[in-house]
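Structure, as structure tokens:
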Amino acid sequence: QVQLLESGGGSVQTGGSLRLSCAASGGTISSTHLGWFRQYPGKDREYVGSIRWGDSKKHYADSVKGRFTISRDNAKNSVYLQMNSLKPEDTATYYCAAARSGFNPILSTMSASSIYSYWGQGTQVVVSS
């Protein structure tokens, strides 16, 4: 059973940056597709981006493309979300997610929450204007 633990959330002003980390335990992520989602109060979780294993191909939601960057460090069993040029509308709880080991999704399915089997507890990001 893979467990995910996010960290790095906090408060920042508009235009600032934050780097979220997600550490996995209970299994290796080297063959795991990893994603980031966010959730606004009272809303469903929203896809932010994800990274495949093997080729490390990345995919982003249009709302964060060019501002957010996902990376992974298999040696540290971790995935990261670098967030730059933050906007107040980026204020949300951010969740790390992992698909089952060995599954590498095609591009059209990378944003579907249903392909992710494991979720972290979330970390809060607040962007003030």
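Just so we're on the same page: first chain in the structure tokens is A, next is B, and so on; residues restart at 1 for each chain, and ligands are numbered from 1 in the order they show up.
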* To do: With a distance cut-off of 7 Å and only C-alpha atoms, select the neighbouring residues of region 50-54 of chain A, excluding the residue or stretch itself and same-chain residues fewer than 5 positions from it, and output the selection as a ChimeraX atom specification.
  => /A:30-36,59-60,70,104,110
Store the residues picked out above in a file with N, CA and C atoms, as a CSV table (one decimal), in the first residue's frame.
```csv
chain,number,residue,atom,x,y,z
A,30,SER,N,9.2,4.3,-8.9
A,30,SER,CA,10.0,4.3,-10.2
A,30,SER,C,9.1,3.8,-11.4
A,31,SER,N,8.1,3.0,-11.1
A,31,SER,CA,7.2,2.5,-12.2
A,31,SER,C,5.8,3.0,-11.9
A,32,THR,N,5.7,4.3,-11.4
A,32,THR,CA,4.4,4.8,-11.0
A,32,THR,C,4.1,6.1,-11.7
A,33,HIS,N,2.9,6.2,-12.3
A,33,HIS,CA,2.5,7.5,-12.8
A,33,HIS,C,2.0,8.4,-11.6
A,34,LEU,N,2.5,9.6,-11.6
A,34,LEU,CA,2.2,10.5,-10.5
A,34,LEU,C,1.5,11.8,-10.9
A,35,GLY,N,0.6,12.2,-10.1
A,35,GLY,CA,-0.2,13.4,-10.5
A,35,GLY,C,-0.4,14.4,-9.3
A,36,TRP,N,-0.8,15.6,-9.7
A,36,TRP,CA,-1.2,16.6,-8.7
A,36,TRP,C,-2.6,17.1,-9.0
A,59,HIS,N,2.3,16.4,-18.4
A,59,HIS,CA,1.0,16.9,-18.9
A,59,HIS,C,0.5,17.9,-17.9
A,60,TYR,N,-0.1,19.0,-18.4
A,60,TYR,CA,-0.5,20.0,-17.5
A,60,TYR,C,-1.9,20.5,-17.9
A,70,ILE,N,6.2,20.0,-13.0
A,70,ILE,CA,6.2,18.8,-12.2
A,70,ILE,C,7.6,18.1,-12.5
A,104,ASN,N,1.0,3.1,-17.1
A,104,ASN,CA,1.4,4.3,-17.7
A,104,ASN,C,0.3,4.8,-18.6
A,110,MET,N,-4.6,11.1,-18.7
A,110,MET,CA,-3.8,11.5,-17.6
A,110,MET,C,-4.5,12.4,-16.6
```
* **Close residues, Arg67 (chain A) itself excluded, 10 Å, only C-alpha atoms, min 2 positions apart in chain, as an MDAnalysis selection string** => chainID A and resid 17 60 62:65 69 82:86
Go ahead and write the selection's residues with N, CA and C atoms as a tab-separated table (two decimals), in the first residue's frame.
```tsv
chain	number	residue	atom	x	y	z
A	17	SER	N	6.28	32.26	-5.52
A	17	SER	CA	6.51	30.86	-5.88
A	17	SER	C	6.45	29.98	-4.64
A	60	TYR	N	-0.06	19.01	-18.36
A	60	TYR	CA	-0.55	20.05	-17.46
A	60	TYR	C	-1.94	20.51	-17.86
A	62	ASP	N	-4.51	23.45	-18.61
A	62	ASP	CA	-4.29	24.73	-19.29
A	62	ASP	C	-4.13	25.87	-18.29
A	63	SER	N	-4.80	25.78	-17.17
A	63	SER	CA	-4.79	26.86	-16.19
A	63	SER	C	-3.43	27.06	-15.53
A	64	VAL	N	-2.56	26.06	-15.59
A	64	VAL	CA	-1.26	26.17	-14.94
A	64	VAL	C	-0.09	26.05	-15.92
A	65	LYS	N	-0.39	25.77	-17.16
A	65	LYS	CA	0.66	25.54	-18.16
A	65	LYS	C	1.54	26.79	-18.27
A	69	THR	N	5.55	23.41	-12.83
A	69	THR	CA	6.41	22.37	-13.38
A	69	THR	C	6.44	21.17	-12.44
A	82	GLN	N	6.60	22.58	-8.74
A	82	GLN	CA	7.12	23.94	-8.65
A	82	GLN	C	6.07	24.89	-9.21
A	83	MET	N	5.64	25.82	-8.37
A	83	MET	CA	4.58	26.75	-8.76
A	83	MET	C	5.14	28.16	-8.79
A	84	ASN	N	5.15	28.75	-9.95
A	84	ASN	CA	5.64	30.12	-10.13
A	84	ASN	C	4.50	31.03	-10.58
A	85	SER	N	4.72	32.32	-10.49
A	85	SER	CA	3.73	33.31	-10.91
A	85	SER	C	2.36	32.99	-10.35
A	86	LEU	N	2.32	32.74	-9.07
A	86	LEU	CA	1.08	32.32	-8.43
A	86	LEU	C	0.03	33.43	-8.45
```
* Test item: residues at most 8 Å from Tyr47 (chain A), only C-alpha atoms, excluding those fewer than 4 positions along its chain, as a ChimeraX atom specification -> /A:36-38,61,111-113
* Asked: Please, what distance in Å, to one decimal, runs between CA of Gly15 (chain A) and CA of Ser56 (chain A)?
  ->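 About the pair CA of Gly15 (chain A) and CA of Ser56 (chain A): they are 27.5 Å apart.
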* Asked: Mind pulling up the distance from CA of Arg100 (chain A) to CA of Gly10 (chain A)?
  ->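 Spanning CA of Gly10 (chain A) to CA of Arg100 (chain A) is a straight-line distance of 29.2 Å.
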* What is the CA of Leu18 (chain A)-CA of Asp90 (chain A) distance in Å, reported with one decimal? ->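 Going from CA of Leu18 (chain A) over to CA of Asp90 (chain A) covers 11.1 Å.
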* Report as number ranges by chain: the residues of chain A with a DSSP assignment of strand (DSSP E or B), based on the backbone of this structure. => A: 3-7, 10-13, 18-25, 34-39, 45-51, 58-60, 68-73, 78-83, 92-99, 116-119, 123-128
* To do: Do a neighbour search on region 123-127 of chain A at 7 Å with only C-alpha atoms, toss out local chain neighbours closer than 3 positions, and write the hits as a list in words.
  =>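 Everything that qualifies: Glu6, Ser7, Gly9, Gly10, Ser11, Val12, Gln13, Thr14, Leu86, Lys87, Pro88, Asp90, Thr91, Ala92, Thr93, Tyr94 and Tyr95 of chain A.
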Generate the output file for the selected residues, N, CA, C and O atoms, as a PDB file, in the first residue's frame.
```pdb
ATOM      1  N   GLU A   6       2.271  14.984   1.371  1.00  0.00           N
ATOM      2  CA  GLU A   6       2.627  16.270   0.772  1.00  0.00           C
ATOM      3  C   GLU A   6       3.208  17.214   1.817  1.00  0.00           C
ATOM      4  O   GLU A   6       2.879  17.126   2.994  1.00  0.00           O
ATOM      5  N   SER A   7       4.031  18.133   1.340  1.00  0.00           N
ATOM      6  CA  SER A   7       4.552  19.196   2.190  1.00  0.00           C
ATOM      7  C   SER A   7       4.891  20.389   1.302  1.00  0.00           C
ATOM      8  O   SER A   7       4.925  20.268   0.075  1.00  0.00           O
ATOM      9  N   GLY A   9       3.279  23.455   1.406  1.00  0.00           N
ATOM     10  CA  GLY A   9       2.235  24.455   1.252  1.00  0.00           C
ATOM     11  C   GLY A   9       2.475  25.650   2.177  1.00  0.00           C
ATOM     12  O   GLY A   9       3.322  25.605   3.060  1.00  0.00           O
ATOM     13  N   GLY A  10       1.730  26.709   1.938  1.00  0.00           N
ATOM     14  CA  GLY A  10       1.869  27.894   2.771  1.00  0.00           C
ATOM     15  C   GLY A  10       1.185  29.078   2.135  1.00  0.00           C
ATOM     16  O   GLY A  10       0.371  28.933   1.215  1.00  0.00           O
ATOM     17  N   SER A  11       1.535  30.251   2.632  1.00  0.00           N
ATOM     18  CA  SER A  11       0.963  31.498   2.134  1.00  0.00           C
ATOM     19  C   SER A  11       2.004  32.283   1.363  1.00  0.00           C
ATOM     20  O   SER A  11       3.162  32.366   1.780  1.00  0.00           O
ATOM     21  N   VAL A  12       1.579  32.886   0.267  1.00  0.00           N
ATOM     22  CA  VAL A  12       2.485  33.643  -0.584  1.00  0.00           C
ATOM     23  C   VAL A  12       1.686  34.751  -1.261  1.00  0.00           C
ATOM     24  O   VAL A  12       0.470  34.637  -1.428  1.00  0.00           O
ATOM     25  N   GLN A  13       2.355  35.791  -1.669  1.00  0.00           N
ATOM     26  CA  GLN A  13       1.692  36.883  -2.371  1.00  0.00           C
ATOM     27  C   GLN A  13       1.615  36.586  -3.865  1.00  0.00           C
ATOM     28  O   GLN A  13       2.370  35.758  -4.392  1.00  0.00           O
ATOM     29  N   THR A  14       0.713  37.274  -4.507  1.00  0.00           N
ATOM     30  CA  THR A  14       0.565  37.134  -5.954  1.00  0.00           C
ATOM     31  C   THR A  14       1.911  37.347  -6.649  1.00  0.00           C
ATOM     32  O   THR A  14       2.637  38.288  -6.343  1.00  0.00           O
ATOM     33  N   LEU A  86       2.321  32.738  -9.067  1.00  0.00           N
ATOM     34  CA  LEU A  86       1.077  32.318  -8.432  1.00  0.00           C
ATOM     35  C   LEU A  86       0.025  33.425  -8.450  1.00  0.00           C
ATOM     36  O   LEU A  86       0.352  34.621  -8.357  1.00  0.00           O
ATOM     37  N   LYS A  87      -1.228  33.000  -8.575  1.00  0.00           N
ATOM     38  CA  LYS A  87      -2.370  33.900  -8.638  1.00  0.00           C
ATOM     39  C   LYS A  87      -3.335  33.559  -7.496  1.00  0.00           C
ATOM     40  O   LYS A  87      -3.333  32.420  -7.002  1.00  0.00           O
ATOM     41  N   PRO A  88      -4.158  34.495  -7.094  1.00  0.00           N
ATOM     42  CA  PRO A  88      -5.145  34.189  -6.039  1.00  0.00           C
ATOM     43  C   PRO A  88      -6.014  32.983  -6.374  1.00  0.00           C
ATOM     44  O   PRO A  88      -6.397  32.227  -5.472  1.00  0.00           O
ATOM     45  N   ASP A  90      -5.120  30.327  -7.574  1.00  0.00           N
ATOM     46  CA  ASP A  90      -4.388  29.086  -7.292  1.00  0.00           C
ATOM     47  C   ASP A  90      -4.579  28.648  -5.840  1.00  0.00           C
ATOM     48  O   ASP A  90      -4.110  27.568  -5.446  1.00  0.00           O
ATOM     49  N   THR A  91      -5.237  29.479  -5.044  1.00  0.00           N
ATOM     50  CA  THR A  91      -5.504  29.138  -3.647  1.00  0.00           C
ATOM     51  C   THR A  91      -6.392  27.898  -3.577  1.00  0.00           C
ATOM     52  O   THR A  91      -7.501  27.885  -4.108  1.00  0.00           O
ATOM     53  N   ALA A  92      -5.882  26.848  -2.938  1.00  0.00           N
ATOM     54  CA  ALA A  92      -6.597  25.572  -2.878  1.00  0.00           C
ATOM     55  C   ALA A  92      -5.810  24.612  -1.998  1.00  0.00           C
ATOM     56  O   ALA A  92      -4.693  24.917  -1.568  1.00  0.00           O
ATOM     57  N   THR A  93      -6.402  23.458  -1.755  1.00  0.00           N
ATOM     58  CA  THR A  93      -5.663  22.355  -1.150  1.00  0.00           C
ATOM     59  C   THR A  93      -5.127  21.487  -2.277  1.00  0.00           C
ATOM     60  O   THR A  93      -5.886  21.092  -3.169  1.00  0.00           O
ATOM     61  N   TYR A  94      -3.843  21.213  -2.229  1.00  0.00           N
ATOM     62  CA  TYR A  94      -3.176  20.468  -3.287  1.00  0.00           C
ATOM     63  C   TYR A  94      -2.912  19.030  -2.832  1.00  0.00           C
ATOM     64  O   TYR A  94      -2.420  18.804  -1.727  1.00  0.00           O
ATOM     65  N   TYR A  95      -3.235  18.100  -3.718  1.00  0.00           N
ATOM     66  CA  TYR A  95      -3.107  16.679  -3.424  1.00  0.00           C
ATOM     67  C   TYR A  95      -2.173  16.002  -4.411  1.00  0.00           C
ATOM     68  O   TYR A  95      -2.230  16.252  -5.609  1.00  0.00           O
TER      69      TYR A  95
END
```
* **For Gln1 (chain A), the nearest of the candidates A:Ile29, A:Leu81, A:Val48, A:Leu20, counting only C-alpha atoms** =>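 When distances to Gln1 (chain A) are compared using only C-alpha atoms, the smallest one comes from A:Ile29.
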* **Proximity to Ala99 (chain A) - best of A:Val2, A:Glu46, A:Gly66, A:Ala23, only C-alpha atoms** => A:Val2
If you run DSSP on this backbone, which residues of chain A come out as helix (DSSP H, G or I), and could you give them as an mmCIF file with N, CA, C and O atoms, in the first residue's frame?
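The resulting selection.cif:
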```
data_model
loop_
_atom_site.group_PDB
_atom_site.id
_atom_site.type_symbol
_atom_site.label_atom_id
_atom_site.label_comp_id
_atom_site.auth_asym_id
_atom_site.auth_seq_id
_atom_site.Cartn_x
_atom_site.Cartn_y
_atom_site.Cartn_z
ATOM 1 N N ASN A 74 13.167 9.593 -8.519
ATOM 2 C CA ASN A 74 12.884 8.207 -8.124
ATOM 3 C C ASN A 74 13.801 7.746 -6.996
ATOM 4 O O ASN A 74 13.399 6.931 -6.163
ATOM 5 N N ALA A 75 15.018 8.268 -6.958
ATOM 6 C CA ALA A 75 15.953 7.885 -5.906
ATOM 7 C C ALA A 75 15.451 8.324 -4.528
ATOM 8 O O ALA A 75 15.706 7.659 -3.526
ATOM 9 N N LYS A 76 14.719 9.453 -4.516
ATOM 10 C CA LYS A 76 14.158 9.957 -3.267
ATOM 11 C C LYS A 76 12.698 9.556 -3.091
ATOM 12 O O LYS A 76 12.049 9.966 -2.130
ATOM 13 N N PRO A 88 -4.158 34.495 -7.094
ATOM 14 C CA PRO A 88 -5.145 34.189 -6.039
ATOM 15 C C PRO A 88 -6.014 32.983 -6.374
ATOM 16 O O PRO A 88 -6.397 32.227 -5.472
ATOM 17 N N GLU A 89 -6.301 32.771 -7.638
ATOM 18 C CA GLU A 89 -7.134 31.625 -8.032
ATOM 19 C C GLU A 89 -6.409 30.290 -7.910
ATOM 20 O O GLU A 89 -7.009 29.227 -8.105
ATOM 21 N N ASP A 90 -5.120 30.327 -7.574
ATOM 22 C CA ASP A 90 -4.388 29.086 -7.292
ATOM 23 C C ASP A 90 -4.579 28.648 -5.840
ATOM 24 O O ASP A 90 -4.110 27.568 -5.446
ATOM 25 N N LEU A 107 -2.042 9.936 -23.080
ATOM 26 C CA LEU A 107 -2.215 11.364 -22.838
ATOM 27 C C LEU A 107 -3.660 11.724 -22.488
ATOM 28 O O LEU A 107 -3.918 12.501 -21.571
ATOM 29 N N SER A 108 -4.593 11.152 -23.202
ATOM 30 C CA SER A 108 -5.995 11.542 -23.047
ATOM 31 C C SER A 108 -6.591 11.144 -21.703
ATOM 32 O O SER A 108 -7.668 11.616 -21.346
ATOM 33 N N THR A 109 -5.915 10.271 -20.971
ATOM 34 C CA THR A 109 -6.473 9.806 -19.686
ATOM 35 C C THR A 109 -5.697 10.325 -18.484
ATOM 36 O O THR A 109 -6.088 10.068 -17.349
ATOM 37 N N SER A 113 -9.206 11.493 -12.638
ATOM 38 C CA SER A 113 -8.912 11.100 -11.256
ATOM 39 C C SER A 113 -9.079 9.599 -11.050
ATOM 40 O O SER A 113 -8.470 9.022 -10.151
ATOM 41 N N SER A 114 -9.869 8.956 -11.894
ATOM 42 C CA SER A 114 -10.146 7.530 -11.723
ATOM 43 C C SER A 114 -8.938 6.638 -11.968
ATOM 44 O O SER A 114 -8.931 5.477 -11.547
ATOM 45 N N ILE A 115 -7.901 7.164 -12.627
ATOM 46 C CA ILE A 115 -6.731 6.306 -12.882
ATOM 47 C C ILE A 115 -5.767 6.297 -11.691
ATOM 48 O O ILE A 115 -4.809 5.539 -11.683
#
```
